[in-house]
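Pasting final-v6.json here (JSON, C-alpha atoms):
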```
[["chain", "number", "residue", "atom", "x", "y", "z"],
["N", 1178, "MET", "CA", 0.00, 0.00, 0.00],
["N", 1179, "ASP", "CA", 1.32, 3.43, -1.01],
["N", 1180, "THR", "CA", 1.16, 5.80, 1.96],
["N", 1181, "HIS", "CA", 2.47, 8.90, 0.13],
["N", 1182, "ALA", "CA", 0.18, 11.88, -0.27],
["N", 1183, "PRO", "CA", -1.03, 12.06, -3.90],
["N", 1184, "GLU", "CA", 0.99, 15.21, -4.62],
["N", 1185, "SER", "CA", 4.28, 13.61, -3.47],
["N", 1186, "ARG", "CA", 3.99, 10.44, -5.55],
["N", 1187, "PRO", "CA", 5.93, 9.99, -8.79],
["N", 1188, "LEU", "CA", 4.16, 11.70, -11.70],
["N", 1189, "ASP", "CA", 2.58, 8.58, -13.25],
["N", 1190, "LYS", "CA", 1.22, 7.42, -9.89],
["N", 1191, "PHE", "CA", -0.13, 10.89, -9.16],
["N", 1192, "LEU", "CA", -1.85, 11.05, -12.56],
["N", 1193, "THR", "CA", -3.35, 7.61, -12.01],
["N", 1194, "VAL", "CA", -4.82, 8.81, -8.70],
["N", 1195, "VAL", "CA", -6.17, 11.94, -10.42],
["N", 1196, "LYS", "CA", -7.70, 9.80, -13.18],
["N", 1197, "SER", "CA", -9.86, 8.04, -10.59],
["N", 1198, "ARG", "CA", -10.25, 10.78, -8.00],
["N", 1199, "ASP", "CA", -11.28, 13.60, -10.34],
["N", 1200, "LYS", "CA", -13.55, 11.65, -12.68],
["N", 1201, "GLN", "CA", -16.98, 13.23, -13.17],
["N", 1202, "GLY", "CA", -19.22, 11.31, -15.51],
["N", 1203, "LEU", "CA", -17.18, 10.25, -18.53],
["N", 1204, "TYR", "CA", -14.39, 12.80, -18.13],
["N", 1205, "ILE", "CA", -11.68, 13.95, -15.77],
["N", 1206, "VAL", "CA", -12.16, 17.36, -14.17],
["N", 1207, "PRO", "CA", -8.78, 18.08, -12.53],
["N", 1208, "GLN", "CA", -8.77, 19.69, -9.11],
["N", 1209, "PRO", "CA", -6.47, 22.68, -8.36],
["N", 1210, "ASP", "CA", -3.66, 20.50, -6.98],
["N", 1211, "VAL", "CA", -3.07, 19.04, -10.45],
["N", 1212, "ALA", "CA", -1.69, 22.29, -11.90],
["N", 1213, "ALA", "CA", 0.52, 22.76, -8.83],
["N", 1214, "ARG", "CA", 1.91, 19.22, -9.12],
["N", 1215, "LEU", "CA", 2.58, 19.60, -12.85],
["N", 1216, "ALA", "CA", 4.29, 22.94, -12.23],
["N", 1217, "ARG", "CA", 6.58, 21.29, -9.65],
["N", 1218, "GLU", "CA", 7.42, 18.57, -12.17],
["N", 1219, "ILE", "CA", 8.34, 21.20, -14.77],
["N", 1220, "GLU", "CA", 10.41, 23.07, -12.15],
["N", 1221, "MET", "CA", 12.40, 19.88, -11.45],
["N", 1222, "ARG", "CA", 12.98, 19.27, -15.17],
["N", 1223, "THR", "CA", 13.92, 22.84, -16.10],
["N", 1224, "GLY", "CA", 15.29, 24.50, -12.97],
["N", 1225, "LEU", "CA", 12.85, 27.37, -13.53],
["N", 1226, "ALA", "CA", 10.60, 28.87, -10.87],
["N", 1227, "SER", "CA", 6.84, 28.63, -11.14],
["N", 1228, "VAL", "CA", 5.40, 31.98, -10.07],
["N", 1229, "ARG", "CA", 2.21, 33.95, -10.47],
["N", 1230, "LEU", "CA", 3.13, 36.25, -13.34],
["N", 1231, "PRO", "CA", 1.77, 39.80, -13.48],
["N", 1232, "ALA", "CA", -0.28, 40.83, -16.49],
["N", 1233, "GLY", "CA", 1.90, 42.12, -19.25],
["N", 1234, "ASN", "CA", 3.86, 41.02, -22.25],
["N", 1235, "ASN", "CA", 4.31, 37.41, -21.23],
["N", 1236, "ARG", "CA", 4.59, 34.76, -23.90],
["N", 1237, "GLU", "CA", 2.02, 31.98, -23.84],
["N", 1238, "SER", "CA", 1.62, 28.43, -25.08],
["N", 1239, "ARG", "CA", -1.75, 26.64, -25.08],
["N", 1240, "ASN", "CA", -1.89, 22.87, -25.19],
["N", 1241, "TRP", "CA", -4.86, 20.50, -25.28],
["N", 1242, "ILE", "CA", -4.97, 17.02, -23.80],
["N", 1243, "SER", "CA", -7.73, 14.47, -23.55],
["N", 1244, "ALA", "CA", -10.01, 14.38, -20.51],
["N", 1245, "VAL", "CA", -10.90, 10.79, -21.38],
["N", 1246, "PRO", "CA", -9.57, 8.62, -18.52],
["N", 1247, "GLY", "CA", -7.85, 6.12, -20.80],
["N", 1248, "GLN", "CA", -5.80, 8.83, -22.51],
["N", 1249, "PHE", "CA", -5.34, 11.30, -19.67],
["N", 1250, "VAL", "CA", -2.22, 9.85, -18.00],
["N", 1251, "ALA", "CA", -0.18, 9.36, -21.19],
["N", 1252, "GLU", "CA", -1.14, 12.70, -22.71],
["N", 1253, "THR", "CA", -0.44, 14.61, -19.50],
["N", 1254, "ARG", "CA", 2.99, 12.97, -19.17],
["N", 1255, "LEU", "CA", 3.78, 14.03, -22.76],
["N", 1256, "LEU", "CA", 2.48, 17.52, -22.00],
["N", 1257, "VAL", "CA", 4.94, 17.92, -19.12],
["N", 1258, "GLU", "CA", 7.80, 16.78, -21.35],
["N", 1259, "HIS", "CA", 6.71, 19.09, -24.18],
["N", 1260, "LEU", "CA", 6.33, 22.13, -21.91],
["N", 1261, "SER", "CA", 9.70, 21.48, -20.26],
["N", 1262, "VAL", "CA", 11.44, 21.37, -23.65],
["N", 1263, "HIS", "CA", 9.49, 24.41, -24.86],
["N", 1264, "LEU", "CA", 10.51, 26.52, -21.85],
["N", 1265, "ARG", "CA", 14.18, 25.57, -22.24],
["N", 1266, "THR", "CA", 14.10, 26.24, -26.00],
["N", 1267, "GLU", "CA", 12.49, 29.64, -25.46],
["N", 1268, "ARG", "CA", 15.05, 30.44, -22.73],
["N", 1269, "ALA", "CA", 12.30, 31.23, -20.25],
["N", 1270, "THR", "CA", 13.29, 32.52, -16.83],
["N", 1271, "ARG", "CA", 10.04, 31.71, -15.01],
["N", 1272, "PHE", "CA", 6.57, 30.43, -15.79],
["N", 1273, "GLU", "CA", 2.97, 30.06, -14.67],
["N", 1274, "LEU", "CA", 0.84, 27.01, -15.51],
["N", 1275, "ALA", "CA", -2.96, 27.03, -15.61],
["N", 1276, "PHE", "CA", -4.68, 23.68, -16.06],
["N", 1277, "HIS", "CA", -8.38, 23.89, -16.91],
["N", 1278, "ASN", "CA", -11.13, 21.47, -17.79],
["N", 1279, "ILE", "CA", -13.10, 23.14, -20.54],
["N", 1280, "ARG", "CA", -16.87, 22.86, -20.37],
["N", 1281, "ASP", "CA", -18.51, 24.69, -23.21],
["N", 1282, "ASN", "CA", -20.68, 23.86, -26.20],
["N", 1283, "ALA", "CA", -17.68, 22.89, -28.32],
["N", 1284, "ASN", "CA", -15.94, 20.49, -25.95],
["N", 1285, "TRP", "CA", -18.30, 19.41, -23.19],
["N", 1286, "GLY", "CA", -15.38, 18.42, -21.02],
["N", 1287, "ASP", "CA", -13.64, 16.03, -23.43],
["N", 1288, "HIS", "CA", -10.46, 18.13, -23.58],
["N", 1289, "ILE", "CA", -8.38, 19.89, -20.96],
["N", 1290, "LEU", "CA", -6.51, 23.11, -21.65],
["N", 1291, "ALA", "CA", -3.04, 23.57, -20.22],
["N", 1292, "ALA", "CA", -1.95, 27.16, -20.73],
["N", 1293, "ILE", "CA", 1.53, 28.22, -19.77],
["N", 1294, "ARG", "CA", 2.64, 31.84, -19.56],
["N", 1295, "TYR", "CA", 6.34, 32.54, -19.33],
["N", 1296, "GLU", "CA", 8.97, 35.22, -19.57]]
```

Could you render the structure as C-alpha cells?
Amino acid sequence: MDTHAPESRPLDKFLTVVKSRDKQGLYIVPQPDVAARLAREIEMRTGLASVRLPAGNNRESRNWISAVPGQFVAETRLLVEHLSVHLRTERATRFELAFHNIRDNANWGDHILAAIRYE
C-alpha cells in the first residue's frame, strides 16, 4: 500500500490517482492541486521557478490534452515533457501554468486546456 500523499507520488502514480479521484461522468475534471503538481514537475525538469506572473507582455503556449480517462495519463505525461522542452528552447526565466477542464458547447469536457505563460 502506497502511503504517500497524492501530490508527493511519482508523476505517473499521481496522474493515475487523479484519473480516478477527479472523474466526473465520462471525463476527468482536474482539481487545483493538479496544476501545482505539474508545475513542480516542470520546475524539477527545467530548474525554472513557477510563479504567479503579473499581467503584461508574457509569452504563452496553449496545449490540449484528452479528458478521457484512458488517454489522460499518457497525454499529460507528454504535455509535461513538451512544456519542459518548450521553456528551455524559449530560454524562459520563469513560468505560470494554468490547467483547466473546458466545459462549453464545443468540448463538453472532453479536452483539458493547459496554458503556460512565461517570460

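Residue nearest Leu1225 (chain N), chosen from N:Ile1279, N:Ala1291, N:Ala1244, N:Leu1264 and counting all atoms listed in the file: N:Leu1264.
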
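Our summary of the geometry notes that CA of Glu1237 (chain N) is positioned 9.8 Å from CA of Leu1274 (chain N).
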
- Item | Nearby residues (all atoms listed in the file) at most 8 Å from Ser1243 (chain N), same-chain spacing under 2 positions excluded, as a list in words | Trp1241, Val1245, Pro1246, Gln1248, Phe1249, Glu1252, Asp1287, His1288 and Ile1289 of chain N

Requested write-out: C-alpha atoms of the selected residues, as a compact mmCIF listing (two decimals), keeping the file's coordinate frame:
```txt
# COMPACT_ATOMS: atom_id res chain seq x y z
CA TRP N 1241 -4.86 20.50 -25.28
CA VAL N 1245 -10.90 10.79 -21.38
CA PRO N 1246 -9.57 8.62 -18.52
CA GLN N 1248 -5.80 8.83 -22.51
CA PHE N 1249 -5.34 11.30 -19.67
CA GLU N 1252 -1.14 12.70 -22.71
CA ASP N 1287 -13.64 16.03 -23.43
CA HIS N 1288 -10.46 18.13 -23.58
CA ILE N 1289 -8.38 19.89 -20.96
```

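Taking CA of Leu1230 (chain N) and CA of Arg1271 (chain N) as endpoints, the distance between them is 8.4 Å.
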
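Comparing N:Arg1229, N:Lys1200, N:Arg1217, N:Arg1294 by their smallest distance to Pro1187 (chain N), the closest is N:Arg1217 (using only C-alpha atoms).
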
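The residue set within 10 Å of Gly1224 (chain N), counting all atoms listed in the file and dropping same-chain residues fewer than 5 places from it, reads N:Arg1217, N:Glu1218, N:Ile1219, N:Ser1261, N:Arg1265, N:Thr1270, N:Arg1271.
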
- Query: Near Ile1293 (chain N), within 9 Å and counting all atoms listed in the file, which residues show up once chain neighbours fewer than 2 positions away are dropped, as a VMD selection string?
  - Reply: chain N and resid 1236 to 1240 1260 1272 to 1276 1291 1295

Once 3 Å is added on each side, what are the centre and the three edge lengths, in Å to one decimal, of the axis-aligned box enclosing the listed atoms of region 1205-1208 of chain N? Present them as AutoDock Vina command-line options.
```
--center_x -10.5 --center_y 16.8 --center_z -12.4 --size_x 9.4 --size_y 11.7 --size_z 12.7
```

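Among the candidate residues N:Ala1232, N:Pro1207, N:Ala1251, N:Ser1227, the one lying nearest to Leu1290 (chain N) is N:Pro1207, with distances computed using all atoms listed in the file.
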
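Of the residues under consideration (N:Asp1210, N:Glu1220, N:Asp1199, N:Glu1296), N:Glu1220 shows the shortest atom-to-atom contact distance to Glu1258 (chain N) when counting only C-alpha atoms.
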
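Each of N:Gln1208, N:Arg1186, N:Val1194, N:Leu1215 was checked against Arg1254 (chain N) using all atoms listed in the file; the smallest atom-to-atom distance is that of N:Leu1215.
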
- Task: Provide the CA of Val1257 (chain N) to CA of Leu1188 (chain N) distance in Å, to one decimal place.
- Result: 9.7 Å

- Note on the structure: One residue among N:Pro1231, N:Val1250, N:Ala1226, N:Ala1213 is nearest to Ser1197 (chain N) when using only C-alpha atoms, and that residue is N:Val1250

Just add N, CA and C atoms to region 1249-1279 of chain N and send it as an mmCIF file, in the coordinates of the input.
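Writing done, so here's rebuild-v7.cif:
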```cif
data_model
loop_
_atom_site.group_PDB
_atom_site.id
_atom_site.type_symbol
_atom_site.label_atom_id
_atom_site.label_comp_id
_atom_site.auth_asym_id
_atom_site.auth_seq_id
_atom_site.Cartn_x
_atom_site.Cartn_y
_atom_site.Cartn_z
ATOM 1 N N PHE N 1249 -5.778 10.190 -20.521
ATOM 2 C CA PHE N 1249 -5.340 11.300 -19.670
ATOM 3 C C PHE N 1249 -3.907 11.154 -19.165
ATOM 4 N N VAL N 1250 -3.542 10.002 -18.615
ATOM 5 C CA VAL N 1250 -2.220 9.850 -18.000
ATOM 6 C C VAL N 1250 -1.122 10.007 -19.046
ATOM 7 N N ALA N 1251 -1.221 9.299 -20.158
ATOM 8 C CA ALA N 1251 -0.180 9.360 -21.190
ATOM 9 C C ALA N 1251 -0.071 10.753 -21.788
ATOM 10 N N GLU N 1252 -1.193 11.374 -22.098
ATOM 11 C CA GLU N 1252 -1.140 12.700 -22.710
ATOM 12 C C GLU N 1252 -0.627 13.760 -21.748
ATOM 13 N N THR N 1253 -0.938 13.644 -20.472
ATOM 14 C CA THR N 1253 -0.440 14.610 -19.500
ATOM 15 C C THR N 1253 1.059 14.451 -19.303
ATOM 16 N N ARG N 1254 1.546 13.213 -19.269
ATOM 17 C CA ARG N 1254 2.990 12.970 -19.170
ATOM 18 C C ARG N 1254 3.720 13.612 -20.354
ATOM 19 N N LEU N 1255 3.178 13.418 -21.565
ATOM 20 C CA LEU N 1255 3.780 14.030 -22.760
ATOM 21 C C LEU N 1255 3.698 15.544 -22.701
ATOM 22 N N LEU N 1256 2.617 16.075 -22.155
ATOM 23 C CA LEU N 1256 2.480 17.520 -22.000
ATOM 24 C C LEU N 1256 3.601 18.088 -21.138
ATOM 25 N N VAL N 1257 3.879 17.450 -20.018
ATOM 26 C CA VAL N 1257 4.940 17.920 -19.120
ATOM 27 C C VAL N 1257 6.279 17.910 -19.849
ATOM 28 N N GLU N 1258 6.551 16.853 -20.589
ATOM 29 C CA GLU N 1258 7.800 16.780 -21.350
ATOM 30 C C GLU N 1258 7.861 17.883 -22.399
ATOM 31 N N HIS N 1259 6.758 18.066 -23.130
ATOM 32 C CA HIS N 1259 6.710 19.090 -24.180
ATOM 33 C C HIS N 1259 6.918 20.487 -23.584
ATOM 34 N N LEU N 1260 6.201 20.799 -22.508
ATOM 35 C CA LEU N 1260 6.330 22.130 -21.910
ATOM 36 C C LEU N 1260 7.722 22.367 -21.359
ATOM 37 N N SER N 1261 8.342 21.349 -20.792
ATOM 38 C CA SER N 1261 9.700 21.480 -20.260
ATOM 39 C C SER N 1261 10.679 21.816 -21.383
ATOM 40 N N VAL N 1262 10.570 21.104 -22.495
ATOM 41 C CA VAL N 1262 11.440 21.370 -23.650
ATOM 42 C C VAL N 1262 11.160 22.759 -24.203
ATOM 43 N N HIS N 1263 9.881 23.104 -24.322
ATOM 44 C CA HIS N 1263 9.490 24.410 -24.860
ATOM 45 C C HIS N 1263 10.081 25.545 -24.029
ATOM 46 N N LEU N 1264 9.990 25.461 -22.722
ATOM 47 C CA LEU N 1264 10.510 26.520 -21.850
ATOM 48 C C LEU N 1264 12.031 26.645 -21.980
ATOM 49 N N ARG N 1265 12.724 25.509 -22.066
ATOM 50 C CA ARG N 1265 14.180 25.570 -22.240
ATOM 51 C C ARG N 1265 14.544 26.161 -23.600
ATOM 52 N N THR N 1266 13.828 25.745 -24.655
ATOM 53 C CA THR N 1266 14.100 26.240 -26.000
ATOM 54 C C THR N 1266 13.868 27.742 -26.093
ATOM 55 N N GLU N 1267 12.831 28.215 -25.440
ATOM 56 C CA GLU N 1267 12.490 29.640 -25.460
ATOM 57 C C GLU N 1267 13.319 30.457 -24.466
ATOM 58 N N ARG N 1268 14.197 29.792 -23.733
ATOM 59 C CA ARG N 1268 15.050 30.440 -22.730
ATOM 60 C C ARG N 1268 14.221 31.227 -21.708
ATOM 61 N N ALA N 1269 13.161 30.607 -21.264
ATOM 62 C CA ALA N 1269 12.300 31.230 -20.250
ATOM 63 C C ALA N 1269 13.062 31.364 -18.938
ATOM 64 N N THR N 1270 12.671 32.334 -18.149
ATOM 65 C CA THR N 1270 13.290 32.520 -16.830
ATOM 66 C C THR N 1270 12.354 32.128 -15.703
ATOM 67 N N ARG N 1271 11.042 32.147 -15.975
ATOM 68 C CA ARG N 1271 10.040 31.710 -15.010
ATOM 69 C C ARG N 1271 8.733 31.471 -15.762
ATOM 70 N N PHE N 1272 7.797 30.792 -15.100
ATOM 71 C CA PHE N 1272 6.570 30.430 -15.790
ATOM 72 C C PHE N 1272 5.396 30.324 -14.830
ATOM 73 N N GLU N 1273 4.210 30.278 -15.425
ATOM 74 C CA GLU N 1273 2.970 30.060 -14.670
ATOM 75 C C GLU N 1273 2.116 29.088 -15.481
ATOM 76 N N LEU N 1274 1.642 28.033 -14.843
ATOM 77 C CA LEU N 1274 0.840 27.010 -15.510
ATOM 78 C C LEU N 1274 -0.603 27.073 -15.016
ATOM 79 N N ALA N 1275 -1.530 27.114 -15.942
ATOM 80 C CA ALA N 1275 -2.960 27.030 -15.610
ATOM 81 C C ALA N 1275 -3.499 25.790 -16.306
ATOM 82 N N PHE N 1276 -4.193 24.968 -15.567
ATOM 83 C CA PHE N 1276 -4.680 23.680 -16.060
ATOM 84 C C PHE N 1276 -6.183 23.679 -15.879
ATOM 85 N N HIS N 1277 -6.942 23.703 -16.979
ATOM 86 C CA HIS N 1277 -8.380 23.890 -16.910
ATOM 87 C C HIS N 1277 -9.129 22.784 -17.636
ATOM 88 N N ASN N 1278 -10.204 22.325 -17.047
ATOM 89 C CA ASN N 1278 -11.130 21.470 -17.790
ATOM 90 C C ASN N 1278 -12.105 22.419 -18.481
ATOM 91 N N ILE N 1279 -12.268 22.231 -19.756
ATOM 92 C CA ILE N 1279 -13.100 23.140 -20.540
ATOM 93 C C ILE N 1279 -14.503 22.544 -20.664
#
```
